[in-house]
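Notes to accompany the following structure.
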Amino acid sequence: MARLLVIANRLPVTVVKRKDGLRLHASPGGLATGLSSYFKDGGGVWVGWPGIARERLTPDERRDVEERLRARNCEPVFLGQEEVDRYYLGFSNRTLWPLAHYFPQHTVYDRSLWEAYRQVNEMFCEAVADLAESGDTVWVHDYQLMLLPAMLRSRLPDAAIGFFLHIPFPAFEVFRLLPWRREIVEGLLGSDLVGFHTYDYALHFLESVRRLLGVSDNVGRIAWQGRLVQVDAFPMGIDVERYAEAGRLAEVQDQIRRVKAQLAPARVVLSVDRMDYSKGIPQRLEAFDLFLEREPQYREKVTMVMVAVPSRTEVPAYQALKREVDERVSRINGKYGTLAWVPIRYLYRSLPFAALAALYQIADVALITPLRDGMNLVAKEFIASKADGRGVLILSEMAGAAKQLPEALLVNPNNVEEVASALFTALTMSEEEQQERNRVMQERLRHYDVKWWAQEFLQRLRSVRAAQRELSGRRLAGVERRNLVEAYRRAARRLLLLDYDGTLVPFAGRPESAFPDRELLRILGALCEDPRNTVVFVSGRDRGTLGRWLGHLRAGMAAEHGVWMRLPGGRWELVERADAAWKEAIRPVLERFAAHTPGAFVEEKDFSLVWHYRQVDASLATVRVGELKSALMHLTARLNVGVLDGDRAIDVKDANINKGRVAGRWLGGGVYGFMLAAGDDTTDEDMFAAMPPEAYTIKVRFGPTRARFYVENSQALRELLAELVEGGQQGTRLPLRI
Ligand code: ADQ
């Protein structure tokens, strides 16, 4: 049975060693709830660390733990204390976490921590590789395991691998600070599907891929190492029912009564998070201070209940934060408190579900103001808890959740004045307005709950795999390749239409350095010498260069996408009655754009102008190409001029000219038993489309295309042509039909 393997730093079960033996504590988070249906009947296995250092267990205990965990569908990865310190508290929480939350000042760059991170990712890889069976789906979670997808890909090339990041993916300007940025990005690209909470994070990731690896996406799809990788947003939801119905539980009602007795009649502002510098707790306290200062009528009328769960207490930045929060709380309580009223009730601990649920019920206002937060589930839990629709959420616009909860009072957490005013607005908001806002949010939370999230992700993973299979099926290999060689061998007349740049030679920094090498000339020479062959070079290049580089071969040529043509051994002829008067209008625009874009330059041919941007910084190129295209769209509207997207080049030329017409001319010139067209960029797609269905059309590069087949690169095409040269010679020589 195909299973779902969920890989996360922590298992949903924690092992605790007591004097009386080992205990297993379930700590099911949102993830476990969302995936529960996949875990029924052994349909899922969870792989992760069980929360206890390896050296604290004897070999017997370890076996015992293993057995007991397996009975709960969990597979432990045992980590030693040193590994936990370096991989988890170290690289994960002192490097990746602060960087992802835009705290470069807390970010530590330490090679030994990185090394530990890599090693622990390897350990996880071993564990998963041992466990995985063919057909299993692997879903890796979060920033502790960002190298794992690529590691798994090399061990399990055919596995379905998904990755979800629970924290923000930062803008490239921040991410680039990381010395191991490339490894991290490549690590994630081992997946078939990479998911984030919001589109912003997905776009940040795509930008990093573009800038670090030079690979652009097509609507979130990246062609990487012969595979498609999909990148998209999947905002994580919560178990809405659990919170919506909690108010009815006797245990929760009991809690509500007790807390109310303590706090009433004051109104309650609730703040709940892990004690983490990303959560903006000091700023929140400052805002509450300002609010009490400015609105003295609320003193003794409002109490802030602040729950902060201890977190990563071994990390220095967290210790400093704890001291700061303690001090601020006492300062405010000292400043405003009375014998009858404590302005801030501060709990530094984790709460059991019933206590937390009771606070969600009681609170009039939830003040959730992280400086950065991947999503923030507390905000969602608060809204879902409000069965009667009363209650106001003040939410930081820096939390991923703000994208889904725009009806909340959204604030900039750094703007203390704005947060203080939002508190006033919240406390004076009419019940109708509260209910109106909450109803909309509740409906949305109900629809996009945590089950939806898990299903949506896994469904998407399946569809990416299907698209991938379709495309990889077109790789020219095995029997298809043998058929091609055989068809070539048997044919009495053959037509080969070959693009030049990117197809026969790899791209060079400047167009003039991509001249043909000796090996290529040898292969092409042999192809052209065979009297059964009609070889045509179909290029966007100018005729001068083509003539100089390939003119000595017995081949046909088409220059500037078919403006000029030359029969084998013949002279260049102007075959398309092209117009070039438009150039005067277009050239200055292209030149102006080139002047403002370091690395770009304009190439002028007889009937076309080309704006090259191969050497332009990738993200600047994206911006400039968009601007240039829209400028050209206006200018070319009344001219009969087409704008073509080449490979890192924008080609402007007479609209009637394209490689499809070139193909048509040569096809019309004879009857061929074998036809082949090979090219690498969008201008070659016209040629593919013009070929008859039985022709062998080959895209030189993996990616979406109209061609029937693809090969990885120009080297692979050369190998194919070399094989044709050899195979073709073994065939019987047939008289040439004229
Ligand atoms: P966290 O940073 O931990 O999670 P959050 O999304 O708010 O932040 O999740 C916290 C969870 O812990 C909630 O389910 C909440 O109920 C619970 N919790 C909080 N305080 C508690 C307390 N005192 N006692 C008991 N339980 C408490 C990371 C990212 C988030 C992202 C999640 C999920 O940082 O941005 O939303 O993962 O992807």
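Residues are referred to by chain and number: the chain letter is A, B, ... according to the order shown in the structure tokens, the number counts from 1 in that chain, and ligands are numbered separately from 1 in the order shown.
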Which residues of chain A have any atom within 7 Å of an atom in ligand 1 when counting only C-alpha atoms and all ligand atoms, and what is the closest pair of atoms for each, with the distance in Å to one decimal? Order the rows by chain and rising number and write it as CSV.
residue,atom,partner,partner_atom_place_in_ligand_line,distance
A:Gly29,CA,ligand 1,14 (O),6.5
A:Gly30,CA,ligand 1,14 (O),6.3
A:His166,CA,ligand 1,38 (O),4.1
A:Ile167,CA,ligand 1,29 (C),5.1
A:Met236,CA,ligand 1,38 (O),6.3
A:Val272,CA,ligand 1,20 (N),5.2
A:Asp273,CA,ligand 1,20 (N),4.5
A:Arg274,CA,ligand 1,20 (N),5.7
A:Val307,CA,ligand 1,23 (N),5.2
A:Ala308,CA,ligand 1,23 (N),5.6
A:Val309,CA,ligand 1,23 (N),4.8
A:Arg349,CA,ligand 1,23 (N),5.9
A:Ser350,CA,ligand 1,24 (N),3.7
A:Leu351,CA,ligand 1,24 (N),3.6
A:Pro352,CA,ligand 1,25 (C),5.7
A:Phe353,CA,ligand 1,25 (C),6.4
A:Leu356,CA,ligand 1,24 (N),6.2
A:Asp373,CA,ligand 1,35 (O),4.3
A:Gly374,CA,ligand 1,35 (O),3.4
A:Met375,CA,ligand 1,36 (O),3.7
A:Asn376,CA,ligand 1,6 (O),3.5
A:Leu377,CA,ligand 1,6 (O),3.7
A:Val378,CA,ligand 1,7 (O),4.5
A:Glu381,CA,ligand 1,16 (O),6.8
A:Gly400,CA,ligand 1,35 (O),7.0
Per DSSP on the backbone, filter segment 456-655 of chain A down to the residues in strand (DSSP E or B) and report them as a compact mmCIF listing (two decimals) with N, CA, C and O atoms, in the first residue's frame.
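As a result, states-v4.txt now contains:
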# COMPACT_ATOMS: atom_id res chain seq x y z
N ARG A 475 11.24 12.70 -23.41
CA ARG A 475 12.70 12.70 -23.52
C ARG A 475 13.09 11.71 -24.61
O ARG A 475 12.60 10.58 -24.63
N ARG A 494 16.36 13.00 -46.89
CA ARG A 494 16.17 13.47 -45.51
C ARG A 494 16.32 14.98 -45.46
O ARG A 494 17.16 15.55 -46.14
N LEU A 495 15.50 15.56 -44.61
CA LEU A 495 15.58 17.01 -44.39
C LEU A 495 15.91 17.26 -42.91
O LEU A 495 15.21 16.76 -42.02
N LEU A 496 16.97 18.02 -42.67
CA LEU A 496 17.33 18.35 -41.28
C LEU A 496 17.37 19.86 -41.12
O LEU A 496 18.21 20.53 -41.75
N LEU A 497 16.45 20.40 -40.32
CA LEU A 497 16.42 21.84 -40.07
C LEU A 497 17.01 22.07 -38.68
O LEU A 497 16.47 21.60 -37.68
N LEU A 498 18.13 22.79 -38.63
CA LEU A 498 18.81 22.94 -37.35
C LEU A 498 18.99 24.40 -36.97
O LEU A 498 19.56 25.18 -37.74
N ASP A 501 22.30 28.66 -32.31
CA ASP A 501 22.65 28.99 -30.91
C ASP A 501 21.77 28.25 -29.91
O ASP A 501 20.57 28.24 -30.02
N VAL A 505 25.41 24.71 -30.42
CA VAL A 505 26.46 25.17 -29.49
C VAL A 505 25.79 25.72 -28.24
O VAL A 505 24.69 26.25 -28.32
N ASN A 533 21.07 13.82 -47.83
CA ASN A 533 20.67 14.81 -46.82
C ASN A 533 20.51 16.21 -47.36
O ASN A 533 21.34 16.67 -48.15
N THR A 534 19.47 16.88 -46.92
CA THR A 534 19.38 18.32 -47.09
C THR A 534 19.46 18.91 -45.69
O THR A 534 18.56 18.71 -44.88
N VAL A 535 20.57 19.58 -45.42
CA VAL A 535 20.76 20.16 -44.09
C VAL A 535 20.55 21.67 -44.21
O VAL A 535 21.09 22.29 -45.13
N VAL A 536 19.76 22.24 -43.32
CA VAL A 536 19.52 23.68 -43.36
C VAL A 536 19.75 24.28 -41.98
O VAL A 536 19.20 23.77 -40.99
N PHE A 537 20.56 25.31 -41.91
CA PHE A 537 20.72 26.02 -40.64
C PHE A 537 19.70 27.15 -40.59
O PHE A 537 19.72 28.03 -41.46
N VAL A 538 18.83 27.09 -39.62
CA VAL A 538 17.74 28.06 -39.53
C VAL A 538 18.01 28.91 -38.30
O VAL A 538 17.82 28.46 -37.17
N GLY A 556 22.00 24.33 -46.72
CA GLY A 556 21.17 25.51 -46.91
C GLY A 556 21.23 26.37 -45.67
O GLY A 556 21.60 25.88 -44.59
N MET A 557 20.90 27.64 -45.82
CA MET A 557 20.93 28.51 -44.64
C MET A 557 19.78 29.49 -44.69
O MET A 557 19.40 29.96 -45.76
N ALA A 558 19.25 29.79 -43.50
CA ALA A 558 18.25 30.85 -43.38
C ALA A 558 18.76 31.78 -42.29
O ALA A 558 19.02 31.34 -41.17
N ALA A 559 18.92 33.06 -42.63
CA ALA A 559 19.43 34.02 -41.64
C ALA A 559 18.31 34.96 -41.22
O ALA A 559 17.31 35.10 -41.94
N TRP A 564 16.71 36.10 -45.12
CA TRP A 564 17.67 35.70 -46.15
C TRP A 564 17.74 34.18 -46.23
O TRP A 564 17.68 33.51 -45.21
N MET A 565 17.90 33.68 -47.46
CA MET A 565 18.10 32.24 -47.60
C MET A 565 19.22 32.00 -48.59
O MET A 565 19.47 32.80 -49.49
N ARG A 566 19.83 30.83 -48.44
CA ARG A 566 20.92 30.48 -49.34
C ARG A 566 20.84 28.99 -49.59
O ARG A 566 20.77 28.19 -48.65
N GLU A 573 19.95 35.19 -50.83
CA GLU A 573 18.85 35.87 -51.52
C GLU A 573 17.88 36.41 -50.51
O GLU A 573 17.63 35.78 -49.48
N LEU A 574 17.32 37.56 -50.85
CA LEU A 574 16.32 38.15 -49.97
C LEU A 574 14.99 37.48 -50.30
O LEU A 574 14.44 37.72 -51.37
N PHE A 601 22.85 44.97 -24.41
CA PHE A 601 23.32 45.67 -25.60
C PHE A 601 22.40 45.37 -26.78
O PHE A 601 21.64 44.41 -26.75
N VAL A 602 22.52 46.24 -27.81
CA VAL A 602 21.65 46.11 -28.97
C VAL A 602 22.45 45.56 -30.13
O VAL A 602 23.56 46.01 -30.39
N GLU A 603 21.88 44.59 -30.83
CA GLU A 603 22.53 44.07 -32.02
C GLU A 603 21.66 44.44 -33.21
O GLU A 603 20.44 44.28 -33.15
N GLU A 604 22.28 44.93 -34.26
CA GLU A 604 21.49 45.32 -35.42
C GLU A 604 21.76 44.37 -36.58
O GLU A 604 22.89 44.11 -36.95
N SER A 608 16.22 43.19 -38.58
CA SER A 608 15.76 43.05 -37.20
C SER A 608 16.73 43.73 -36.24
O SER A 608 17.87 44.02 -36.58
N LEU A 609 16.21 43.98 -35.06
CA LEU A 609 17.02 44.54 -33.98
C LEU A 609 16.87 43.59 -32.80
O LEU A 609 15.78 43.09 -32.53
N VAL A 610 17.97 43.36 -32.11
CA VAL A 610 17.91 42.43 -30.98
C VAL A 610 18.43 43.11 -29.73
O VAL A 610 19.49 43.76 -29.76
N TRP A 611 17.67 42.98 -28.65
CA TRP A 611 18.09 43.52 -27.35
C TRP A 611 18.55 42.35 -26.50
O TRP A 611 17.75 41.53 -26.06
N HIS A 612 19.88 42.24 -26.32
CA HIS A 612 20.43 41.09 -25.59
C HIS A 612 20.53 41.39 -24.10
O HIS A 612 21.02 42.46 -23.73
N VAL A 641 5.35 44.88 -37.15
CA VAL A 641 6.58 44.41 -36.52
C VAL A 641 6.22 43.45 -35.40
O VAL A 641 5.28 43.69 -34.66
N GLY A 642 6.98 42.37 -35.29
CA GLY A 642 6.71 41.41 -34.22
C GLY A 642 7.82 41.45 -33.17
O GLY A 642 8.97 41.78 -33.47
N VAL A 643 7.44 41.18 -31.93
CA VAL A 643 8.42 41.14 -30.85
C VAL A 643 8.53 39.68 -30.40
O VAL A 643 7.55 39.09 -29.98
N LEU A 644 9.72 39.12 -30.51
CA LEU A 644 9.91 37.70 -30.18
C LEU A 644 10.75 37.55 -28.93
O LEU A 644 11.76 38.23 -28.77
N ASP A 645 10.34 36.64 -28.08
CA ASP A 645 11.08 36.34 -26.87
C ASP A 645 12.09 35.26 -27.18
O ASP A 645 11.76 34.10 -27.25
N ALA A 649 17.07 37.26 -25.03
CA ALA A 649 17.14 38.28 -26.07
C ALA A 649 15.73 38.60 -26.52
O ALA A 649 14.88 37.72 -26.58
N ILE A 650 15.50 39.88 -26.79
CA ILE A 650 14.21 40.28 -27.35
C ILE A 650 14.47 40.65 -28.80
O ILE A 650 15.29 41.52 -29.09
N ASP A 651 13.80 39.96 -29.69
CA ASP A 651 14.01 40.13 -31.10
C ASP A 651 12.87 40.95 -31.69
O ASP A 651 11.71 40.56 -31.53
N VAL A 652 13.20 42.06 -32.34
CA VAL A 652 12.14 42.85 -32.97
C VAL A 652 12.34 42.73 -34.48
O VAL A 652 13.43 43.01 -34.98
N LYS A 653 11.32 42.30 -35.19
CA LYS A 653 11.50 42.11 -36.63
C LYS A 653 10.17 42.17 -37.35
O LYS A 653 9.12 42.19 -36.71
N ASP A 654 10.26 42.17 -38.66
CA ASP A 654 9.07 42.18 -39.50
C ASP A 654 8.14 41.04 -39.07
O ASP A 654 8.56 39.89 -38.94
**Neighbour list for Glu436 of chain A as an MDAnalysis selection string, cut-off 8 Å, only C-alpha atoms, skip fewer than 4 positions in-chain** = chainID A and resid 389 432 440
With N, CA and C atoms kept, could you save the residues just selected as a PDB file, in the first residue's frame?
ATOM      1  N   GLY A 389     -19.725  35.349  17.834  1.00  0.00           N
ATOM      2  CA  GLY A 389     -19.293  36.392  16.896  1.00  0.00           C
ATOM      3  C   GLY A 389     -18.742  37.643  17.542  1.00  0.00           C
ATOM      4  N   GLU A 432     -22.350  44.773  16.587  1.00  0.00           N
ATOM      5  CA  GLU A 432     -22.747  44.413  15.208  1.00  0.00           C
ATOM      6  C   GLU A 432     -21.516  44.363  14.309  1.00  0.00           C
ATOM      7  N   VAL A 440     -17.441  36.817   8.457  1.00  0.00           N
ATOM      8  CA  VAL A 440     -16.736  36.619   7.179  1.00  0.00           C
ATOM      9  C   VAL A 440     -15.467  35.795   7.406  1.00  0.00           C
TER      10      VAL A 440
END
**Item:** Spatial neighbours of segment 110-116 of chain A, max dist 10 Å, only C-alpha atoms, sep filter under 2 positions, as an MDAnalysis selection string
**Value:** chainID A and resid 82:92 94:95 107:108 118:122 179:180
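Put simply, atom CA of Glu295 of chain A is 11.8 Å away from atom CA of Thr425 of chain A.
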**Nearest-residue call for Gly34 of chain A, choices A:Leu721, A:Val240, A:Ile332, A:Leu476, using only C-alpha atoms** = A:Val240
**Request:** For Ala129 of chain A, work out the shell of residues within 8 Å, counting only C-alpha atoms and skipping chain neighbours fewer than 6 positions away, then give it as number ranges by chain.
**Result:** A: 152, 155-156
As a PDB file with all heavy atoms, in the first residue's frame, please: the residues near Trp341 of chain A (cut-off 10 Å, only C-alpha atoms, same-chain neighbours under 2 positions excluded).
ATOM      1  N   LEU A 263     -10.862  38.143  37.018  1.00  0.00           N
ATOM      2  CA  LEU A 263     -10.597  39.328  36.215  1.00  0.00           C
ATOM      3  C   LEU A 263     -11.761  40.310  36.114  1.00  0.00           C
ATOM      4  O   LEU A 263     -11.542  41.507  35.895  1.00  0.00           O
ATOM      5  CB  LEU A 263     -10.178  38.933  34.799  1.00  0.00           C
ATOM      6  CG  LEU A 263      -8.914  38.074  34.681  1.00  0.00           C
ATOM      7  CD1 LEU A 263      -8.628  37.738  33.233  1.00  0.00           C
ATOM      8  CD2 LEU A 263      -7.709  38.787  35.286  1.00  0.00           C
ATOM      9  N   ALA A 266     -13.152  43.779  34.668  1.00  0.00           N
ATOM     10  CA  ALA A 266     -12.293  44.358  33.627  1.00  0.00           C
ATOM     11  C   ALA A 266     -12.456  43.598  32.316  1.00  0.00           C
ATOM     12  O   ALA A 266     -12.717  42.391  32.309  1.00  0.00           O
ATOM     13  CB  ALA A 266     -10.835  44.302  34.074  1.00  0.00           C
ATOM     14  N   ARG A 299      -8.005  52.614  32.702  1.00  0.00           N
ATOM     15  CA  ARG A 299      -7.255  51.992  33.809  1.00  0.00           C
ATOM     16  C   ARG A 299      -8.251  51.323  34.742  1.00  0.00           C
ATOM     17  O   ARG A 299      -9.343  51.834  34.962  1.00  0.00           O
ATOM     18  CB  ARG A 299      -6.437  53.043  34.556  1.00  0.00           C
ATOM     19  CG  ARG A 299      -5.353  53.629  33.651  1.00  0.00           C
ATOM     20  CD  ARG A 299      -4.502  54.626  34.384  1.00  0.00           C
ATOM     21  NE  ARG A 299      -3.749  55.408  33.411  1.00  0.00           N
ATOM     22  CZ  ARG A 299      -3.091  56.518  33.680  1.00  0.00           C
ATOM     23  NH1 ARG A 299      -3.088  56.991  34.923  1.00  0.00           N
ATOM     24  NH2 ARG A 299      -2.443  57.155  32.749  1.00  0.00           N
ATOM     25  N   GLU A 300      -7.889  50.201  35.219  1.00  0.00           N
ATOM     26  CA  GLU A 300      -8.732  49.337  36.068  1.00  0.00           C
ATOM     27  C   GLU A 300      -9.906  48.731  35.317  1.00  0.00           C
ATOM     28  O   GLU A 300     -10.679  47.970  35.869  1.00  0.00           O
ATOM     29  CB  GLU A 300      -9.259  50.102  37.307  1.00  0.00           C
ATOM     30  CG  GLU A 300      -8.101  50.586  38.181  1.00  0.00           C
ATOM     31  CD  GLU A 300      -8.505  50.855  39.611  1.00  0.00           C
ATOM     32  OE1 GLU A 300      -9.408  51.684  39.793  1.00  0.00           O
ATOM     33  OE2 GLU A 300      -7.941  50.216  40.512  1.00  0.00           O
ATOM     34  N   LYS A 301     -10.059  49.122  34.022  1.00  0.00           N
ATOM     35  CA  LYS A 301     -11.194  48.589  33.246  1.00  0.00           C
ATOM     36  C   LYS A 301     -10.732  47.530  32.233  1.00  0.00           C
ATOM     37  O   LYS A 301     -11.550  46.824  31.666  1.00  0.00           O
ATOM     38  CB  LYS A 301     -11.892  49.727  32.458  1.00  0.00           C
ATOM     39  CG  LYS A 301     -12.398  50.876  33.306  1.00  0.00           C
ATOM     40  CD  LYS A 301     -13.726  50.496  33.922  1.00  0.00           C
ATOM     41  CE  LYS A 301     -14.383  51.586  34.739  1.00  0.00           C
ATOM     42  NZ  LYS A 301     -13.514  52.538  35.422  1.00  0.00           N
ATOM     43  N   VAL A 302      -9.433  47.521  31.976  1.00  0.00           N
ATOM     44  CA  VAL A 302      -8.900  46.585  30.978  1.00  0.00           C
ATOM     45  C   VAL A 302      -7.700  45.845  31.565  1.00  0.00           C
ATOM     46  O   VAL A 302      -6.848  46.477  32.193  1.00  0.00           O
ATOM     47  CB  VAL A 302      -8.439  47.342  29.710  1.00  0.00           C
ATOM     48  CG1 VAL A 302      -7.702  46.399  28.765  1.00  0.00           C
ATOM     49  CG2 VAL A 302      -9.611  47.973  29.000  1.00  0.00           C
ATOM     50  N   THR A 303      -7.672  44.531  31.367  1.00  0.00           N
ATOM     51  CA  THR A 303      -6.507  43.760  31.808  1.00  0.00           C
ATOM     52  C   THR A 303      -5.927  43.031  30.610  1.00  0.00           C
ATOM     53  O   THR A 303      -6.675  42.472  29.803  1.00  0.00           O
ATOM     54  CB  THR A 303      -6.916  42.717  32.868  1.00  0.00           C
ATOM     55  OG1 THR A 303      -7.458  43.406  33.982  1.00  0.00           O
ATOM     56  CG2 THR A 303      -5.722  41.894  33.318  1.00  0.00           C
ATOM     57  N   ASN A 333       3.245  47.263  35.303  1.00  0.00           N
ATOM     58  CA  ASN A 333       2.408  46.915  36.464  1.00  0.00           C
ATOM     59  C   ASN A 333       2.691  47.851  37.644  1.00  0.00           C
ATOM     60  O   ASN A 333       1.777  48.237  38.383  1.00  0.00           O
ATOM     61  CB  ASN A 333       2.621  45.459  36.869  1.00  0.00           C
ATOM     62  CG  ASN A 333       1.841  44.513  35.953  1.00  0.00           C
ATOM     63  OD1 ASN A 333       0.950  44.965  35.216  1.00  0.00           O
ATOM     64  ND2 ASN A 333       2.168  43.241  35.993  1.00  0.00           N
ATOM     65  N   TYR A 336       1.085  51.555  36.680  1.00  0.00           N
ATOM     66  CA  TYR A 336      -0.374  51.784  36.652  1.00  0.00           C
ATOM     67  C   TYR A 336      -1.157  50.963  37.675  1.00  0.00           C
ATOM     68  O   TYR A 336      -2.309  51.265  37.949  1.00  0.00           O
ATOM     69  CB  TYR A 336      -0.944  51.443  35.268  1.00  0.00           C
ATOM     70  CG  TYR A 336      -0.332  52.234  34.144  1.00  0.00           C
ATOM     71  CD1 TYR A 336       0.630  51.658  33.313  1.00  0.00           C
ATOM     72  CD2 TYR A 336      -0.717  53.565  33.914  1.00  0.00           C
ATOM     73  CE1 TYR A 336       1.186  52.373  32.272  1.00  0.00           C
ATOM     74  CE2 TYR A 336      -0.156  54.285  32.866  1.00  0.00           C
ATOM     75  CZ  TYR A 336       0.801  53.689  32.054  1.00  0.00           C
ATOM     76  OH  TYR A 336       1.354  54.392  31.023  1.00  0.00           O
ATOM     77  N   GLY A 337      -0.528  49.881  38.185  1.00  0.00           N
ATOM     78  CA  GLY A 337      -1.280  48.947  39.015  1.00  0.00           C
ATOM     79  C   GLY A 337      -1.849  49.586  40.278  1.00  0.00           C
ATOM     80  O   GLY A 337      -1.326  50.586  40.775  1.00  0.00           O
ATOM     81  N   THR A 338      -2.968  49.030  40.765  1.00  0.00           N
ATOM     82  CA  THR A 338      -3.539  49.476  42.037  1.00  0.00           C
ATOM     83  C   THR A 338      -3.690  48.226  42.896  1.00  0.00           C
ATOM     84  O   THR A 338      -3.441  47.115  42.429  1.00  0.00           O
ATOM     85  CB  THR A 338      -4.927  50.112  41.834  1.00  0.00           C
ATOM     86  OG1 THR A 338      -5.796  49.108  41.290  1.00  0.00           O
ATOM     87  CG2 THR A 338      -4.866  51.308  40.901  1.00  0.00           C
ATOM     88  N   LEU A 339      -4.136  48.421  44.115  1.00  0.00           N
ATOM     89  CA  LEU A 339      -4.313  47.252  44.982  1.00  0.00           C
ATOM     90  C   LEU A 339      -5.364  46.319  44.401  1.00  0.00           C
ATOM     91  O   LEU A 339      -5.318  45.114  44.569  1.00  0.00           O
ATOM     92  CB  LEU A 339      -4.724  47.699  46.390  1.00  0.00           C
ATOM     93  CG  LEU A 339      -3.571  48.321  47.181  1.00  0.00           C
ATOM     94  CD1 LEU A 339      -4.072  48.836  48.520  1.00  0.00           C
ATOM     95  CD2 LEU A 339      -2.444  47.315  47.390  1.00  0.00           C
ATOM     96  N   PRO A 343      -2.473  45.488  35.806  1.00  0.00           N
ATOM     97  CA  PRO A 343      -2.709  45.742  34.368  1.00  0.00           C
ATOM     98  C   PRO A 343      -2.355  44.548  33.476  1.00  0.00           C
ATOM     99  O   PRO A 343      -3.074  44.250  32.549  1.00  0.00           O
ATOM    100  CB  PRO A 343      -1.798  46.931  34.046  1.00  0.00           C
ATOM    101  CG  PRO A 343      -1.507  47.577  35.356  1.00  0.00           C
ATOM    102  CD  PRO A 343      -1.594  46.523  36.406  1.00  0.00           C
ATOM    103  N   ILE A 344      -1.234  43.872  33.780  1.00  0.00           N
ATOM    104  CA  ILE A 344      -0.838  42.743  32.921  1.00  0.00           C
ATOM    105  C   ILE A 344      -0.721  41.479  33.759  1.00  0.00           C
ATOM    106  O   ILE A 344       0.050  41.427  34.715  1.00  0.00           O
ATOM    107  CB  ILE A 344       0.515  43.009  32.228  1.00  0.00           C
ATOM    108  CG1 ILE A 344       0.436  44.281  31.390  1.00  0.00           C
ATOM    109  CG2 ILE A 344       0.922  41.834  31.353  1.00  0.00           C
ATOM    110  CD1 ILE A 344       1.768  44.738  30.835  1.00  0.00           C
ATOM    111  N   ARG A 345      -1.504  40.477  33.410  1.00  0.00           N
ATOM    112  CA  ARG A 345      -1.345  39.158  34.025  1.00  0.00           C
ATOM    113  C   ARG A 345      -0.447  38.365  33.087  1.00  0.00           C
ATOM    114  O   ARG A 345      -0.831  38.099  31.946  1.00  0.00           O
ATOM    115  CB  ARG A 345      -2.689  38.441  34.151  1.00  0.00           C
ATOM    116  CG  ARG A 345      -3.711  39.202  34.947  1.00  0.00           C
ATOM    117  CD  ARG A 345      -3.396  39.106  36.449  1.00  0.00           C
ATOM    118  NE  ARG A 345      -4.498  39.662  37.206  1.00  0.00           N
ATOM    119  CZ  ARG A 345      -5.204  38.985  38.092  1.00  0.00           C
ATOM    120  NH1 ARG A 345      -4.925  37.714  38.335  1.00  0.00           N
ATOM    121  NH2 ARG A 345      -6.195  39.568  38.732  1.00  0.00           N
TER     122      ARG A 345
END
**Asked** Taking into account only C-alpha atoms, which residue in the set A:Ala71, A:Met306, A:Leu4, A:Met691 is nearest to Phe39 of chain A?
**Response**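 Under the stated criterion, the closest residue is A:Leu4.
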**Residues within 9 Å of Val185 of chain A, only C-alpha atoms, excluding chain neighbours under 6 positions, as a count of residues only** = 7
**Message:** Just checking: using only C-alpha atoms, which residue out of A:Thr58, A:Gln230, A:Asn656, A:Ser630 ends up closest to Arg460 of chain A?
**Reply:**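 Answer, going by the shortest atom-to-atom distance: A:Gln230.
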**Asked** Tell me, which residues of segment 135-175 of chain A carry DSSP alpha helix (DSSP H), written as a list in words?
**Response** Leu148, Pro149, Ala150, Met151, Leu152, Arg153, Ser154, Arg155, Phe172, Glu173, Val174 and Phe175 of chain A
**d(atom CA of Trp453 of chain A, atom CA of Phe78 of chain A) in Å** =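 About the pair atom CA of Trp453 of chain A and atom CA of Phe78 of chain A: they are 29.4 Å apart.
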**Request:** Go ahead and compute the interatomic distance for atom CA of Met304 of chain A and atom CA of Leu367 of chain A, in Å to one decimal.
**Result:** 9.1 Å
